[in-house]
Amino acid sequence: MKNTVGFLILSFALFACSSDDSQNARLEIRLTDAPGDYEQVNVDIQGIEIHTENGDVASGWKSLNVENGVYNLLELTNGMDTLLATIELPAGKISQVRLLLGQNNSVKIDGKVLPMATPSAHQSGLKLNVHADLLEGITYKMLLDFDAARSVVNTGAGSFNLKPVIRSITEATSGAIKGEVNPAESLPAVFALAGADTVATTYADSTGKFLLRGVPAGTYTVSIDAKEGYSDYQESDVNVTVGSVTDIGTISLQ
């Protein structure tokens with residue numbers, strides 16, 4: 001398996017990504033809807049922020065790179081959803097999410113598209129309590145479940161307000177594999193293999209520890225490809241479950 005040039009290139013690439021985010025979780029924020037008795041419910045989403053500290057201190061808020069624009073909620077019913085944002089963030093707690101709305105909101109009834117006024121407080125940020133714990137190496141999905149029927153308020157005379165009613169659901173969508181290689185000087189590349197397919201890769205850090213992140217549920221072979229002078233290693237039948245980190249312990253190389 002030794003190919004010195006290829007191994008050095010791979011090692012550099014894996015080290016560059018693993019050293020920065022090995023303690024991170026991955027969070028996807030998606031939008032879905034409970035059906036309402038309208039032809040369209042169009043919501044203008046301009047930003048999303050998450051809070052990662054206790055309380056409501058300003059330093060705890062992080063802005064996400066959002067696919068902002070107008071979304072027809074009624075296209076996102078019956079199990080359908082759409083990706084709004086993805087973020088890598090340190091493992092730990094998320095306490096709140098804040099949804100920033102624009103003014104281009106509307107409802108379609110009997111073929112007519114009617115504007116919906118949006119309270120200024122919601123434009124500056126609609127806060128939702130989350131209180132989710134994120135583990136390092138795990139990918140999570142946060143579903144913003146928008147209740148269109150309860151969010152559209154008919155004020156009379158053909159006038160409508162948007163007063164969002166949303167619940168958040170956070171769930172893990174992957175697992176992870178961690179372990180330690182001894183000696184750390186072997187500087188191995190580590191692979192999760194499903195048959196001939198490589199599902200995840202990483203690189204052991206300076207202490208020999210590694211974390212294979214975002215691994216789907218299943219059974220894998222963990223392959224250790226050490227630098228010249230050390231033996232390679234494979235461990236088969238490594239089981240991964242959603243929301244858990246499988247620890248394969250310390251692997252000693254000759």
# chains A, B, ... in the order shown; residues from 1 in each chain; ligands from 1
>>> residues_around(residues="Ser186 in chain A", least_positions_apart="6", cutoff="7 Å", atoms="only C-alpha atoms", output="short mmCIF file (atom, residue, chain, number, x, y, z; two decimals) with N, CA and C atoms, in the first residue's frame")
data_model
loop_
_atom_site.label_atom_id
_atom_site.label_comp_id
_atom_site.auth_asym_id
_atom_site.auth_seq_id
_atom_site.Cartn_x
_atom_site.Cartn_y
_atom_site.Cartn_z
N ALA A 226 -0.10 3.60 7.60
CA ALA A 226 0.96 4.32 8.30
C ALA A 226 2.09 4.69 7.35
N LYS A 227 2.96 5.61 7.82
CA LYS A 227 4.10 6.01 6.99
C LYS A 227 5.12 4.88 6.92
N TYR A 230 6.42 1.56 9.40
CA TYR A 230 5.41 1.02 10.30
C TYR A 230 4.45 0.15 9.50
#
>>> select_by_dssp(residues="range 3-252 of chain A", states="helix (DSSP H, G or I)", output="number ranges by chain")
A: 4-21, 58-60, 73-75, 120-124, 148-151, 184-186
>>> closest_residue(among="A:Val113, A:Ala194, A:Ile169, A:Ile248", to="Leu143 in chain A", atoms="only C-alpha atoms")
A:Ile169
>>> closest_residue(among="A:Met142, A:Ile251, A:Ile177, A:Ala132", to="Gly208 in chain A", atoms="only C-alpha atoms")
A:Ile251
>>> closest_atom_pairs(of="range 145-191 of chain A", to="range 33-45 of chain A", cutoff="10 Å", atoms="only C-alpha atoms", output="JSON lines")
{"residue": "A:Asp145", "atom": "CA", "partner": "A:Asp33", "partner_atom": "CA", "distance": 5.2}
{"residue": "A:Phe146", "atom": "CA", "partner": "A:Asp33", "partner_atom": "CA", "distance": 4.6}
{"residue": "A:Asp147", "atom": "CA", "partner": "A:Ala34", "partner_atom": "CA", "distance": 5.0}
{"residue": "A:Ala148", "atom": "CA", "partner": "A:Gly36", "partner_atom": "CA", "distance": 5.3}
{"residue": "A:Ala149", "atom": "CA", "partner": "A:Gly36", "partner_atom": "CA", "distance": 4.3}
{"residue": "A:Arg150", "atom": "CA", "partner": "A:Gly36", "partner_atom": "CA", "distance": 8.0}
{"residue": "A:Ser151", "atom": "CA", "partner": "A:Gly36", "partner_atom": "CA", "distance": 9.3}
{"residue": "A:Val152", "atom": "CA", "partner": "A:Val41", "partner_atom": "CA", "distance": 8.1}
{"residue": "A:Leu162", "atom": "CA", "partner": "A:Val43", "partner_atom": "CA", "distance": 8.6}
{"residue": "A:Pro164", "atom": "CA", "partner": "A:Val43", "partner_atom": "CA", "distance": 9.5}
{"residue": "A:Ile166", "atom": "CA", "partner": "A:Asp33", "partner_atom": "CA", "distance": 8.9}
>>> closest_residue(among="A:Leu100, A:His131, A:Thr32, A:Lys112", to="Leu83 in chain A", atoms="only C-alpha atoms")
A:Thr32
>>> closest_residue(among="A:Gly195, A:Gly60, A:Gly47, A:Pro115", to="Ala85 in chain A", atoms="only C-alpha atoms")
A:Gly47
>>> residues_around(residues="Asp133 in chain A", least_positions_apart="4", cutoff="8 Å", atoms="only C-alpha atoms", output="number ranges by chain")
A: 91-94
>>> residues_around(residues="Glu88 in chain A", least_positions_apart="5", cutoff="12 Å", atoms="only C-alpha atoms", output="ChimeraX atom specification")
/A:17,20-29,50,62-65,134-140,213-214
>>> closest_residue(among="A:Lys163, A:Thr221, A:Leu114, A:Asn129", to="Ser95 in chain A", atoms="only C-alpha atoms")
A:Asn129
>>> atom_distance(atom1="CA of Ser252 in chain A", atom2="CA of Ser174 in chain A")
27.4 Å
>>> residues_around(residues="Leu99 in chain A", least_positions_apart="3", cutoff="8 Å", atoms="only C-alpha atoms", output="ChimeraX atom specification")
/A:45-49,122,125-127
>>> write_last_selection(atoms="N, CA and C atoms", output="mmCIF file, in the first residue's frame")
data_model
loop_
_atom_site.group_PDB
_atom_site.id
_atom_site.type_symbol
_atom_site.label_atom_id
_atom_site.label_comp_id
_atom_site.auth_asym_id
_atom_site.auth_seq_id
_atom_site.Cartn_x
_atom_site.Cartn_y
_atom_site.Cartn_z
ATOM 1 N N ILE A 45 -37.165 34.512 3.531
ATOM 2 C CA ILE A 45 -36.150 34.199 4.541
ATOM 3 C C ILE A 45 -34.839 34.869 4.139
ATOM 4 N N GLN A 46 -34.337 35.747 5.011
ATOM 5 C CA GLN A 46 -33.144 36.532 4.704
ATOM 6 C C GLN A 46 -31.927 36.174 5.547
ATOM 7 N N GLY A 47 -32.114 35.365 6.571
ATOM 8 C CA GLY A 47 -30.959 34.996 7.379
ATOM 9 C C GLY A 47 -31.328 34.049 8.503
ATOM 10 N N ILE A 48 -30.314 33.332 8.998
ATOM 11 C CA ILE A 48 -30.476 32.447 10.151
ATOM 12 C C ILE A 48 -29.255 32.616 11.048
ATOM 13 N N GLU A 49 -29.501 32.687 12.340
ATOM 14 C CA GLU A 49 -28.430 32.724 13.324
ATOM 15 C C GLU A 49 -28.695 31.655 14.373
ATOM 16 N N HIS A 122 -40.286 40.329 13.973
ATOM 17 C CA HIS A 122 -39.932 39.105 13.270
ATOM 18 C C HIS A 122 -38.889 39.362 12.201
ATOM 19 N N GLY A 125 -35.674 39.342 13.928
ATOM 20 C CA GLY A 125 -35.254 38.034 14.400
ATOM 21 C C GLY A 125 -36.315 37.316 15.190
ATOM 22 N N LEU A 126 -36.828 36.214 14.634
ATOM 23 C CA LEU A 126 -37.795 35.366 15.327
ATOM 24 C C LEU A 126 -37.015 34.271 16.043
ATOM 25 N N LYS A 127 -37.012 34.292 17.376
ATOM 26 C CA LYS A 127 -36.201 33.358 18.152
ATOM 27 C C LYS A 127 -36.989 32.096 18.482
#
>>> closest_residue(among="A:Leu128, A:Ile87, A:Leu74, A:Val215", to="Thr173 in chain A", atoms="only C-alpha atoms")
A:Val215
>>> select_by_dssp(residues="range 38-222 of chain A", states="strand (DSSP E or B)", output="PyMOL selection string")
chain A and resi 40-51+61-63+69-72+82-90+92-101+106-109+112-117+126-134+139-147+152-156+159-162+166-172+175-182+189-194+197-203+209-215+218-222
